[in-house]
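Worksheet: one structure, shown below.
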Amino acid sequence: MALLEAENLSITFGGLKAVDNFNVKIEKGTLYGLIGPNGAGKTTVFNLLTGVYKPTEGKATLDGTVITGKRTIDINKAGIARTFQNIRLFSQMSVIDNVKVGLHNIYKYSTASGIFKLPSYFKKEAEMEKRAMELLDVFDLGSERDYLSCNLPYGKQRKLEIARALATEPKLLLLDEPAAGMNPNETAELMDTIRFVRDKFDMTILLIEHDMRLVAGICEELTVLNFGQVLCQGKTSEVLQDPKVITAYLGE
Amino acid sequence: MSSKPKSKLLKKDTRSDLITYAMVLVAFAVVEIIQATGSMTSLMRGLLVPLCMYSILAVSLNLVVGILGDLSLGHAGFMCVGAYASSIFSVCTRETIENPWIRFPIALLIGGICAAIFGILIGIPVLRLKGDYLAIVTLAFGEIIKNILCSIYVGYDSKGIHMSFESESSLGMEMDGKLIINGPLGINGTPTDSNFIVGIVLLLITLFVVLNFIHSRAGRAVMSLRDNRIAAESVGINVTKYKLIAFSLSAFFAGIAGVLYSHNLNVLAATSKNFGYNMSIMILVFVVLGGIGNIRGSIIAACVLTALPEVLRDLKDYRMLMYAIVLIVMMIITSSPKLVSFREKYGLRQFIKTKMANRWTKEVQ
């Protein structure tokens, strides 16, 4: 069974069908791309999958459990983590604290034991610190651990956002335009990072991207959205050759 | 900030906390020495408990404004709840529990918990609002609490508790009935249990709880809400829960400050001078001036700004003018880009200094 299955997912804002009958099946371990022209509804699909919007029709299941209609935090607990198109870090917190917020539901102790520094506080904090440093080292951010996250360069902020999402131990990682605003070198590095994350964490990744080099380089399967509808779905090489897709992107 | 090196002995947070505790203890020691030598004016002596009280208020409001990132203008309301609840308890049990060492801690708990309960009750509907709207609603709450307590008459006799909003006579009490809250005249005869040492201990407890809270898992969750609510939700932070925890914890300590206030004076009345919105604004000024999110700064600002009008009493009419000038100068110092960059330079110098010191200790070893 596929890890993520969306059936007829639709949402309307007033008279506008932002996403119409969206179907997708993503197998475990796939690097899946979601592309389409501006305003096609890609980010809306992400918001539907993470519970920011409630779909007017259809349902989505993650690993067999229905996730539509749940709250964002419950969907995160069920196993979907995401990054954002415009970076949303906890800008006034240190780099390591950003990751520790991601670990919030993994290493738990009560508020009272935090205030009175009971033994469970020290034990869990030490475990948290260790795990957070592991994650930071994976993304080569270990030496910046005490920087405020807003002081990081752009590329590293993107990496930190991925690290924070991975800290919640998701089954599915959603990346919303990870290469936006990056130069070719940074994009190439990002491609390596995404591949590395997939292999190291055995992760399934769904990503939105406009950079065709990145999409063609790392995505195994693609869905193309246009005006809220699925235009084309399948293997990357086949989809990118499809005349319908080329028309949607370049016009007639 | 970020360029400071990690100390090998202590984490940065722990070190900063210890400096804050040390600062309070040093201030306490200095005051005690001045008192022992007998060179403290009675005016200053009268200010000691209020200084502790304002510091507690500033620290607790900083939890909402600086750490949670919500603007609350009703802090004096929570203080008022704590003051009245504890005063009622103390007045009623004055004869039954004679030992202030038992009575006062119970009064503290009652004051704090009542304020925290109000914090939760107000918080549930109000924390859905943001920014200006939240400020307006909390401001209204503070005023409503003050006005209700200002116009209520409560007494008890053998038949039970009587309550009225009109006058003392409308309570219809028996001859031996005892009046507790006398409308605008408030509560009379609260035992004066609080003193400077109690104030300092309470300030240290407040600091201990607030600082530990900030550095814990819950504190990080609260700060993540401040920085980006949507991202916090996406990593599984329960928004309502952590907002309420921070808000009620803040209300609890405002209540504690209220207890300290009410047990410092014999008469407690809810006037706009002590529990009105001017008070809430003043606490906010402490927080803003001390640095939003900076706990140590709020204590310093609270002490400086409380002591200042008294110290400047000799200037008579120019007193408030000086107060305003100090406010403006402090604002400029904390936010002017040139001065900020100067401070950063100064910070760098310290960085080099510590680095040299580290190298030196290594060579010695």
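Chain labels follow the order of the structure tokens: the first chain is A, the next B, and so on; residue numbering restarts at 1 in every chain, and ligands are counted from 1 in their shown order.
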
What lies within 9 Å of range 197-206 of chain B using only C-alpha atoms, ignoring chain neighbours under 2 positions off, as a PyMOL selection string?
chain B and resi 21+24-25+28+48-53+55-56+59-60+193-195+208-211+253+256-257+260

Dump of N, CA, C and O atoms for the selected residues, as an mmCIF file, in the first residue's frame:
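Produced file out-v3.cif, reproduced below:
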```
data_model
loop_
_atom_site.group_PDB
_atom_site.id
_atom_site.type_symbol
_atom_site.label_atom_id
_atom_site.label_comp_id
_atom_site.auth_asym_id
_atom_site.auth_seq_id
_atom_site.Cartn_x
_atom_site.Cartn_y
_atom_site.Cartn_z
ATOM 1 N N TYR B 21 20.309 36.044 39.572
ATOM 2 C CA TYR B 21 20.113 35.752 41.001
ATOM 3 C C TYR B 21 21.128 36.537 41.830
ATOM 4 O O TYR B 21 20.791 37.126 42.859
ATOM 5 N N VAL B 24 20.272 40.183 42.367
ATOM 6 C CA VAL B 24 19.237 40.409 43.386
ATOM 7 C C VAL B 24 19.845 40.256 44.784
ATOM 8 O O VAL B 24 19.597 41.073 45.676
ATOM 9 N N LEU B 25 20.666 39.227 44.952
ATOM 10 C CA LEU B 25 21.251 38.989 46.275
ATOM 11 C C LEU B 25 22.192 40.119 46.675
ATOM 12 O O LEU B 25 22.203 40.547 47.835
ATOM 13 N N PHE B 28 20.206 43.011 47.711
ATOM 14 C CA PHE B 28 19.669 42.736 49.045
ATOM 15 C C PHE B 28 20.734 43.020 50.110
ATOM 16 O O PHE B 28 20.481 43.709 51.104
ATOM 17 N N LEU B 48 11.082 49.838 49.837
ATOM 18 C CA LEU B 48 11.727 48.537 49.625
ATOM 19 C C LEU B 48 10.743 47.458 49.169
ATOM 20 O O LEU B 48 11.005 46.751 48.192
ATOM 21 N N VAL B 49 9.611 47.347 49.868
ATOM 22 C CA VAL B 49 8.648 46.312 49.469
ATOM 23 C C VAL B 49 8.061 46.615 48.088
ATOM 24 O O VAL B 49 7.997 45.730 47.238
ATOM 25 N N PRO B 50 7.624 47.877 47.821
ATOM 26 C CA PRO B 50 7.161 48.175 46.458
ATOM 27 C C PRO B 50 8.195 47.840 45.383
ATOM 28 O O PRO B 50 7.832 47.367 44.306
ATOM 29 N N LEU B 51 9.474 48.040 45.671
ATOM 30 C CA LEU B 51 10.495 47.703 44.671
ATOM 31 C C LEU B 51 10.430 46.220 44.328
ATOM 32 O O LEU B 51 10.465 45.847 43.150
ATOM 33 N N CYS B 52 10.341 45.384 45.363
ATOM 34 C CA CYS B 52 10.232 43.941 45.119
ATOM 35 C C CYS B 52 8.962 43.641 44.339
ATOM 36 O O CYS B 52 8.965 42.860 43.381
ATOM 37 N N MET B 53 7.872 44.297 44.744
ATOM 38 C CA MET B 53 6.588 44.042 44.106
ATOM 39 C C MET B 53 6.628 44.415 42.618
ATOM 40 O O MET B 53 6.226 43.630 41.768
ATOM 41 N N SER B 55 9.221 44.643 40.753
ATOM 42 C CA SER B 55 10.113 43.731 40.035
ATOM 43 C C SER B 55 9.384 42.446 39.683
ATOM 44 O O SER B 55 9.492 41.948 38.559
ATOM 45 N N ILE B 56 8.627 41.908 40.649
ATOM 46 C CA ILE B 56 7.874 40.669 40.376
ATOM 47 C C ILE B 56 6.875 40.914 39.251
ATOM 48 O O ILE B 56 6.751 40.111 38.330
ATOM 49 N N VAL B 59 8.702 41.144 35.903
ATOM 50 C CA VAL B 59 9.159 39.826 35.437
ATOM 51 C C VAL B 59 7.978 39.020 34.914
ATOM 52 O O VAL B 59 8.051 38.403 33.848
ATOM 53 N N SER B 60 6.852 39.050 35.654
ATOM 54 C CA SER B 60 5.722 38.227 35.226
ATOM 55 C C SER B 60 5.097 38.773 33.949
ATOM 56 O O SER B 60 4.679 38.008 33.089
ATOM 57 N N ASP B 193 2.049 41.496 56.965
ATOM 58 C CA ASP B 193 2.976 40.367 57.038
ATOM 59 C C ASP B 193 4.171 40.528 56.121
ATOM 60 O O ASP B 193 5.193 39.890 56.306
ATOM 61 N N SER B 194 4.040 41.343 55.072
ATOM 62 C CA SER B 194 5.151 41.381 54.123
ATOM 63 C C SER B 194 6.203 42.389 54.571
ATOM 64 O O SER B 194 5.891 43.429 55.156
ATOM 65 N N ASN B 195 7.443 42.047 54.335
ATOM 66 C CA ASN B 195 8.545 42.969 54.582
ATOM 67 C C ASN B 195 9.589 42.760 53.500
ATOM 68 O O ASN B 195 9.375 41.960 52.583
ATOM 69 N N PHE B 208 13.244 32.217 39.765
ATOM 70 C CA PHE B 208 13.564 30.798 39.628
ATOM 71 C C PHE B 208 12.557 30.118 38.710
ATOM 72 O O PHE B 208 12.924 29.446 37.743
ATOM 73 N N VAL B 209 11.277 30.328 39.001
ATOM 74 C CA VAL B 209 10.237 29.654 38.219
ATOM 75 C C VAL B 209 10.223 30.172 36.781
ATOM 76 O O VAL B 209 10.229 29.393 35.825
ATOM 77 N N VAL B 210 10.252 31.499 36.621
ATOM 78 C CA VAL B 210 10.131 32.061 35.268
ATOM 79 C C VAL B 210 11.345 31.684 34.415
ATOM 80 O O VAL B 210 11.206 31.244 33.270
ATOM 81 N N LEU B 211 12.548 31.818 34.976
ATOM 82 C CA LEU B 211 13.747 31.517 34.183
ATOM 83 C C LEU B 211 13.803 30.036 33.831
ATOM 84 O O LEU B 211 14.103 29.671 32.691
ATOM 85 N N PHE B 253 1.918 35.094 39.159
ATOM 86 C CA PHE B 253 2.919 35.923 39.834
ATOM 87 C C PHE B 253 2.446 37.367 39.994
ATOM 88 O O PHE B 253 2.849 38.049 40.934
ATOM 89 N N ILE B 256 0.726 37.097 43.153
ATOM 90 C CA ILE B 256 1.702 37.072 44.255
ATOM 91 C C ILE B 256 2.133 38.505 44.587
ATOM 92 O O ILE B 256 2.210 38.894 45.756
ATOM 93 N N ALA B 257 2.377 39.290 43.547
ATOM 94 C CA ALA B 257 2.762 40.687 43.775
ATOM 95 C C ALA B 257 1.636 41.436 44.464
ATOM 96 O O ALA B 257 1.877 42.277 45.339
ATOM 97 N N LEU B 260 1.718 40.665 48.115
ATOM 98 C CA LEU B 260 2.804 41.437 48.727
ATOM 99 C C LEU B 260 2.347 42.872 48.976
ATOM 100 O O LEU B 260 2.615 43.460 50.020
#
```

What parts of range 148-216 of chain B does DSSP call helix (DSSP H, G or I)? I'd like the answer as a ChimeraX atom specification.
/B:148-151,169-171,183-185,196-214

Pull out every residue of chain A that has at least one atom within 8 Å of chain B, counting only C-alpha atoms, and report them as an mmCIF file with N, CA, C and O atoms, in the first residue's frame.
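Contents of out03.cif, as written:
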```cif
data_model
loop_
_atom_site.group_PDB
_atom_site.id
_atom_site.type_symbol
_atom_site.label_atom_id
_atom_site.label_comp_id
_atom_site.auth_asym_id
_atom_site.auth_seq_id
_atom_site.Cartn_x
_atom_site.Cartn_y
_atom_site.Cartn_z
ATOM 1 N N THR A 50 -1.673 19.117 5.261
ATOM 2 C CA THR A 50 -1.223 19.371 6.629
ATOM 3 C C THR A 50 -2.321 19.942 7.516
ATOM 4 O O THR A 50 -2.052 20.313 8.652
ATOM 5 N N THR A 72 -3.736 20.430 12.474
ATOM 6 C CA THR A 72 -2.355 20.434 11.999
ATOM 7 C C THR A 72 -1.433 19.671 12.944
ATOM 8 O O THR A 72 -0.603 18.880 12.510
ATOM 9 N N ILE A 73 -1.604 19.905 14.259
ATOM 10 C CA ILE A 73 -0.663 19.271 15.184
ATOM 11 C C ILE A 73 -0.870 17.763 15.213
ATOM 12 O O ILE A 73 0.077 17.009 15.370
ATOM 13 N N ASP A 74 -2.116 17.317 15.025
ATOM 14 C CA ASP A 74 -2.344 15.876 15.016
ATOM 15 C C ASP A 74 -1.802 15.241 13.748
ATOM 16 O O ASP A 74 -1.315 14.106 13.766
ATOM 17 N N ASN A 76 0.763 16.340 12.195
ATOM 18 C CA ASN A 76 2.202 16.263 12.407
ATOM 19 C C ASN A 76 2.552 15.049 13.255
ATOM 20 O O ASN A 76 3.506 14.322 12.967
ATOM 21 N N LYS A 77 1.748 14.802 14.279
ATOM 22 C CA LYS A 77 2.004 13.635 15.126
ATOM 23 C C LYS A 77 1.800 12.340 14.327
ATOM 24 O O LYS A 77 2.475 11.349 14.557
ATOM 25 N N ALA A 81 5.569 16.204 8.119
ATOM 26 C CA ALA A 81 6.242 17.447 8.496
ATOM 27 C C ALA A 81 6.483 18.240 7.229
ATOM 28 O O ALA A 81 6.572 17.671 6.143
ATOM 29 N N ARG A 82 6.578 19.551 7.370
ATOM 30 C CA ARG A 82 6.713 20.357 6.165
ATOM 31 C C ARG A 82 7.678 21.524 6.361
ATOM 32 O O ARG A 82 8.018 21.889 7.479
ATOM 33 N N ARG A 88 9.947 29.958 7.416
ATOM 34 C CA ARG A 88 9.326 30.259 8.706
ATOM 35 C C ARG A 88 10.121 29.594 9.813
ATOM 36 O O ARG A 88 9.774 28.531 10.285
ATOM 37 N N LEU A 89 11.214 30.247 10.187
ATOM 38 C CA LEU A 89 11.988 29.740 11.318
ATOM 39 C C LEU A 89 11.543 30.478 12.567
ATOM 40 O O LEU A 89 10.846 31.484 12.494
ATOM 41 N N PHE A 90 11.960 29.991 13.730
ATOM 42 C CA PHE A 90 11.737 30.740 14.966
ATOM 43 C C PHE A 90 12.914 31.699 15.076
ATOM 44 O O PHE A 90 13.947 31.390 15.645
ATOM 45 N N SER A 91 12.718 32.893 14.486
ATOM 46 C CA SER A 91 13.867 33.732 14.151
ATOM 47 C C SER A 91 14.623 34.254 15.363
ATOM 48 O O SER A 91 15.815 34.489 15.283
ATOM 49 N N GLN A 92 13.939 34.445 16.494
ATOM 50 C CA GLN A 92 14.638 34.979 17.669
ATOM 51 C C GLN A 92 15.147 33.874 18.596
ATOM 52 O O GLN A 92 15.529 34.134 19.723
ATOM 53 N N MET A 93 15.120 32.644 18.103
ATOM 54 C CA MET A 93 15.638 31.545 18.914
ATOM 55 C C MET A 93 16.905 31.017 18.278
ATOM 56 O O MET A 93 17.115 31.170 17.074
ATOM 57 N N ASP A 97 17.851 25.565 19.399
ATOM 58 C CA ASP A 97 16.513 25.612 19.993
ATOM 59 C C ASP A 97 15.431 25.391 18.938
ATOM 60 O O ASP A 97 14.385 24.823 19.223
ATOM 61 N N ASN A 98 15.685 25.849 17.712
ATOM 62 C CA ASN A 98 14.741 25.586 16.629
ATOM 63 C C ASN A 98 14.525 24.093 16.465
ATOM 64 O O ASN A 98 13.396 23.628 16.339
ATOM 65 N N LYS A 100 15.194 21.843 18.728
ATOM 66 C CA LYS A 100 14.597 21.291 19.956
ATOM 67 C C LYS A 100 13.082 21.486 19.981
ATOM 68 O O LYS A 100 12.364 20.654 20.521
ATOM 69 N N VAL A 101 12.599 22.572 19.397
ATOM 70 C CA VAL A 101 11.143 22.739 19.297
ATOM 71 C C VAL A 101 10.574 21.630 18.417
ATOM 72 O O VAL A 101 9.522 21.067 18.712
ATOM 73 N N GLY A 102 11.315 21.279 17.373
ATOM 74 C CA GLY A 102 10.884 20.164 16.531
ATOM 75 C C GLY A 102 10.833 18.851 17.294
ATOM 76 O O GLY A 102 10.032 17.977 16.996
ATOM 77 N N HIS A 104 9.886 18.517 20.247
ATOM 78 C CA HIS A 104 8.952 18.722 21.360
ATOM 79 C C HIS A 104 8.135 17.479 21.708
ATOM 80 O O HIS A 104 7.965 17.148 22.871
ATOM 81 N N ASN A 105 7.611 16.828 20.707
ATOM 82 C CA ASN A 105 6.742 15.678 20.986
ATOM 83 C C ASN A 105 7.487 14.351 20.996
ATOM 84 O O ASN A 105 6.885 13.300 21.132
ATOM 85 N N LYS A 108 9.562 13.962 25.889
ATOM 86 C CA LYS A 108 8.579 14.693 26.690
ATOM 87 C C LYS A 108 8.926 14.669 28.170
ATOM 88 O O LYS A 108 9.399 13.652 28.680
ATOM 89 N N TYR A 109 8.713 15.792 28.832
ATOM 90 C CA TYR A 109 8.661 15.828 30.290
ATOM 91 C C TYR A 109 7.689 16.931 30.658
ATOM 92 O O TYR A 109 7.416 17.816 29.853
ATOM 93 N N THR A 111 5.714 20.174 32.341
ATOM 94 C CA THR A 111 6.091 21.568 32.576
ATOM 95 C C THR A 111 6.642 21.734 33.995
ATOM 96 O O THR A 111 7.622 22.445 34.215
ATOM 97 N N GLY A 114 10.105 20.689 34.406
ATOM 98 C CA GLY A 114 10.986 21.686 33.798
ATOM 99 C C GLY A 114 11.234 22.854 34.740
ATOM 100 O O GLY A 114 12.350 23.343 34.868
ATOM 101 N N ILE A 115 10.173 23.300 35.430
ATOM 102 C CA ILE A 115 10.304 24.459 36.318
ATOM 103 C C ILE A 115 11.148 24.104 37.544
ATOM 104 O O ILE A 115 12.012 24.868 37.959
ATOM 105 N N PHE A 116 10.909 22.910 38.118
ATOM 106 C CA PHE A 116 11.625 22.562 39.342
ATOM 107 C C PHE A 116 12.883 21.742 39.082
ATOM 108 O O PHE A 116 13.504 21.219 40.012
ATOM 109 N N LYS A 117 13.248 21.609 37.805
ATOM 110 C CA LYS A 117 14.458 20.873 37.406
ATOM 111 C C LYS A 117 14.543 19.507 38.072
ATOM 112 O O LYS A 117 15.514 19.186 38.760
ATOM 113 N N TYR A 121 13.946 16.171 33.848
ATOM 114 C CA TYR A 121 14.338 17.322 33.029
ATOM 115 C C TYR A 121 15.752 17.133 32.497
ATOM 116 O O TYR A 121 16.005 17.259 31.294
ATOM 117 N N ASP A 146 24.664 28.079 18.387
ATOM 118 C CA ASP A 146 24.194 29.127 19.288
ATOM 119 C C ASP A 146 23.855 30.432 18.573
ATOM 120 O O ASP A 146 23.526 31.416 19.203
ATOM 121 N N TYR A 147 23.949 30.454 17.232
ATOM 122 C CA TYR A 147 23.550 31.650 16.496
ATOM 123 C C TYR A 147 22.036 31.805 16.565
ATOM 124 O O TYR A 147 21.308 30.817 16.642
ATOM 125 N N LEU A 148 21.573 33.061 16.509
ATOM 126 C CA LEU A 148 20.141 33.252 16.307
ATOM 127 C C LEU A 148 19.835 32.811 14.886
ATOM 128 O O LEU A 148 20.588 33.110 13.959
ATOM 129 N N ARG A 164 14.582 20.959 11.244
ATOM 130 C CA ARG A 164 13.509 21.075 12.241
ATOM 131 C C ARG A 164 12.345 20.154 11.893
ATOM 132 O O ARG A 164 11.770 19.503 12.764
ATOM 133 N N ALA A 165 11.999 20.093 10.593
ATOM 134 C CA ALA A 165 10.905 19.218 10.175
ATOM 135 C C ALA A 165 11.272 17.758 10.444
ATOM 136 O O ALA A 165 10.450 16.981 10.926
ATOM 137 N N THR A 168 10.796 16.080 13.981
ATOM 138 C CA THR A 168 9.517 15.551 14.446
ATOM 139 C C THR A 168 9.325 14.091 14.045
ATOM 140 O O THR A 168 8.257 13.534 14.267
#
```

Tell me, in Å to one decimal, how far CA of Val26 in chain B is from CA of Thr306 in chain B.
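About the pair CA of Val26 in chain B and CA of Thr306 in chain B: they are 18.5 Å apart.
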
Counting only C-alpha atoms, which of B:Thr192, B:Ser280, B:Ser16, B:Ser86 gets nearest to Phe141 in chain B?
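Closest candidate: B:Ser280.
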
Nearby residues (only C-alpha atoms) at most 8 Å from range 126-131 of chain A, same-chain spacing under 2 positions excluded, as a ChimeraX atom specification:
/A:100,103,107,122-124,133-135

Only all heavy atoms, please: the residues just picked out, written as a CSV table (one decimal), in the first residue's frame.
```csv
chain,number,residue,atom,x,y,z
A,100,LYS,N,15.2,21.8,18.7
A,100,LYS,CA,14.6,21.3,20.0
A,100,LYS,C,13.1,21.5,20.0
A,100,LYS,O,12.4,20.7,20.5
A,100,LYS,CB,15.2,21.9,21.2
A,100,LYS,CG,16.6,21.4,21.5
A,100,LYS,CD,17.1,22.0,22.8
A,100,LYS,CE,18.5,21.5,23.1
A,100,LYS,NZ,19.1,22.3,24.2
A,103,LEU,N,11.7,18.7,18.3
A,103,LEU,CA,11.8,17.5,19.1
A,103,LEU,C,10.7,17.5,20.2
A,103,LEU,O,10.7,16.5,21.0
A,103,LEU,CB,13.2,17.3,19.7
A,103,LEU,CG,14.3,17.0,18.7
A,103,LEU,CD1,15.6,17.1,19.4
A,103,LEU,CD2,14.1,15.6,18.1
A,107,TYR,N,10.7,14.0,22.8
A,107,TYR,CA,11.3,13.8,24.2
A,107,TYR,C,10.4,14.6,25.1
A,107,TYR,O,10.4,15.9,25.1
A,107,TYR,CB,12.7,14.3,24.3
A,107,TYR,CG,13.6,13.5,23.4
A,107,TYR,CD1,14.0,14.0,22.1
A,107,TYR,CD2,14.1,12.3,23.8
A,107,TYR,CE1,14.9,13.3,21.3
A,107,TYR,CE2,15.0,11.6,22.9
A,107,TYR,CZ,15.3,12.1,21.7
A,107,TYR,OH,16.2,11.4,20.9
A,122,PHE,N,16.7,16.8,33.4
A,122,PHE,CA,18.1,16.7,33.0
A,122,PHE,C,18.3,15.5,32.0
A,122,PHE,O,19.0,15.6,31.0
A,122,PHE,CB,19.0,16.5,34.2
A,122,PHE,CG,19.1,17.7,35.0
A,122,PHE,CD1,18.4,17.9,36.2
A,122,PHE,CD2,19.9,18.8,34.6
A,122,PHE,CE1,18.5,19.0,37.0
A,122,PHE,CE2,20.0,20.0,35.4
A,122,PHE,CZ,19.2,20.1,36.6
A,123,LYS,N,17.6,14.4,32.3
A,123,LYS,CA,17.7,13.2,31.5
A,123,LYS,C,17.2,13.5,30.0
A,123,LYS,O,17.9,13.3,29.1
A,123,LYS,CB,16.9,12.1,32.1
A,123,LYS,CG,17.1,10.8,31.4
A,123,LYS,CD,16.5,9.6,32.3
A,123,LYS,CE,16.2,8.4,31.4
A,123,LYS,NZ,14.8,8.4,30.9
A,124,LYS,N,16.0,14.1,30.0
A,124,LYS,CA,15.4,14.3,28.7
A,124,LYS,C,16.1,15.4,27.9
A,124,LYS,O,16.3,15.3,26.7
A,124,LYS,CB,13.9,14.6,28.8
A,124,LYS,CG,13.1,13.5,29.3
A,124,LYS,CD,12.8,12.5,28.2
A,124,LYS,CE,12.0,11.3,28.8
A,124,LYS,NZ,11.9,10.2,27.8
A,133,MET,N,21.9,17.8,18.2
A,133,MET,CA,23.2,18.0,17.6
A,133,MET,C,23.5,17.0,16.4
A,133,MET,O,24.1,17.4,15.4
A,133,MET,CB,24.3,17.8,18.7
A,133,MET,CG,24.6,19.0,19.5
A,133,MET,SD,24.7,20.6,18.6
A,133,MET,CE,26.3,20.4,17.8
A,134,GLU,N,23.0,15.8,16.6
A,134,GLU,CA,23.1,14.8,15.5
A,134,GLU,C,22.4,15.4,14.2
A,134,GLU,O,23.0,15.4,13.1
A,134,GLU,CB,22.4,13.5,15.8
A,134,GLU,CG,23.2,12.6,16.7
A,134,GLU,CD,22.3,11.4,17.2
A,134,GLU,OE1,21.3,11.1,16.6
A,134,GLU,OE2,22.7,10.8,18.2
A,135,LEU,N,21.2,15.9,14.4
A,135,LEU,CA,20.5,16.5,13.2
A,135,LEU,C,21.2,17.7,12.6
A,135,LEU,O,21.4,17.8,11.4
A,135,LEU,CB,19.1,16.9,13.6
A,135,LEU,CG,18.1,15.8,13.7
A,135,LEU,CD1,16.9,16.2,14.5
A,135,LEU,CD2,17.7,15.4,12.3
```

Can you tell me which residues surround Leu73 in chain B at a distance of at most 8 Å, considering only C-alpha atoms, apart from same-chain residues fewer than 3 positions away, and format the answer as an mmCIF file with C-alpha atoms, in the first residue's frame?
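Printed below is result07.cif as written:
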```cif
data_model
loop_
_atom_site.group_PDB
_atom_site.id
_atom_site.type_symbol
_atom_site.label_atom_id
_atom_site.label_comp_id
_atom_site.auth_asym_id
_atom_site.auth_seq_id
_atom_site.Cartn_x
_atom_site.Cartn_y
_atom_site.Cartn_z
ATOM 1 C CA ALA B 76 -2.907 45.311 37.347
ATOM 2 C CA ALA B 135 -4.494 44.659 24.386
ATOM 3 C CA ILE B 136 -7.943 46.280 24.354
ATOM 4 C CA THR B 138 -7.114 42.857 28.665
ATOM 5 C CA LEU B 139 -7.263 46.595 29.366
ATOM 6 C CA GLY B 142 -8.330 45.199 34.344
ATOM 7 C CA TYR B 277 -4.708 51.095 33.813
ATOM 8 C CA SER B 280 -0.718 48.326 33.941
ATOM 9 C CA ILE B 281 0.956 50.825 31.637
ATOM 10 C CA LEU B 284 4.565 47.662 30.642
#
```

Quick one, how far is CA of Lys42 in chain A from CA of Asp176 in chain A?
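Between CA of Lys42 in chain A and CA of Asp176 in chain A the gap is 8.7 Å.
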
Atomic separation - CA of Ala140 in chain B relative to CA of Ala269 in chain B, Å
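Between CA of Ala269 in chain B and CA of Ala140 in chain B the gap is 19.1 Å.
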
Which one of A:Lys25, A:Lys171, A:Arg71, A:Arg213 sits closest to Phe201 in chain A if you count only C-alpha atoms?
A:Lys171

Just checking: using only C-alpha atoms, which residue out of A:Ser237, A:Thr43, A:Ser94, A:Gln229 ends up closest to Glu177 in chain A?
A:Thr43

Taking 6 positions as the minimum chain separation for residues in the same chain, which residues sit within 8 Å of Pro55 in chain A when counting only C-alpha atoms? Answer as a list in words.
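That gives Leu9, Ser10, Ile11, Leu48, Thr68 and Gly69 of chain A.
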
Which one is closest to Leu63 in chain B: B:Ile113, B:Leu127, B:Leu207, B:Ala307? Count only C-alpha atoms.
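Counting only C-alpha atoms, the residue closest to Leu63 in chain B is B:Leu207.
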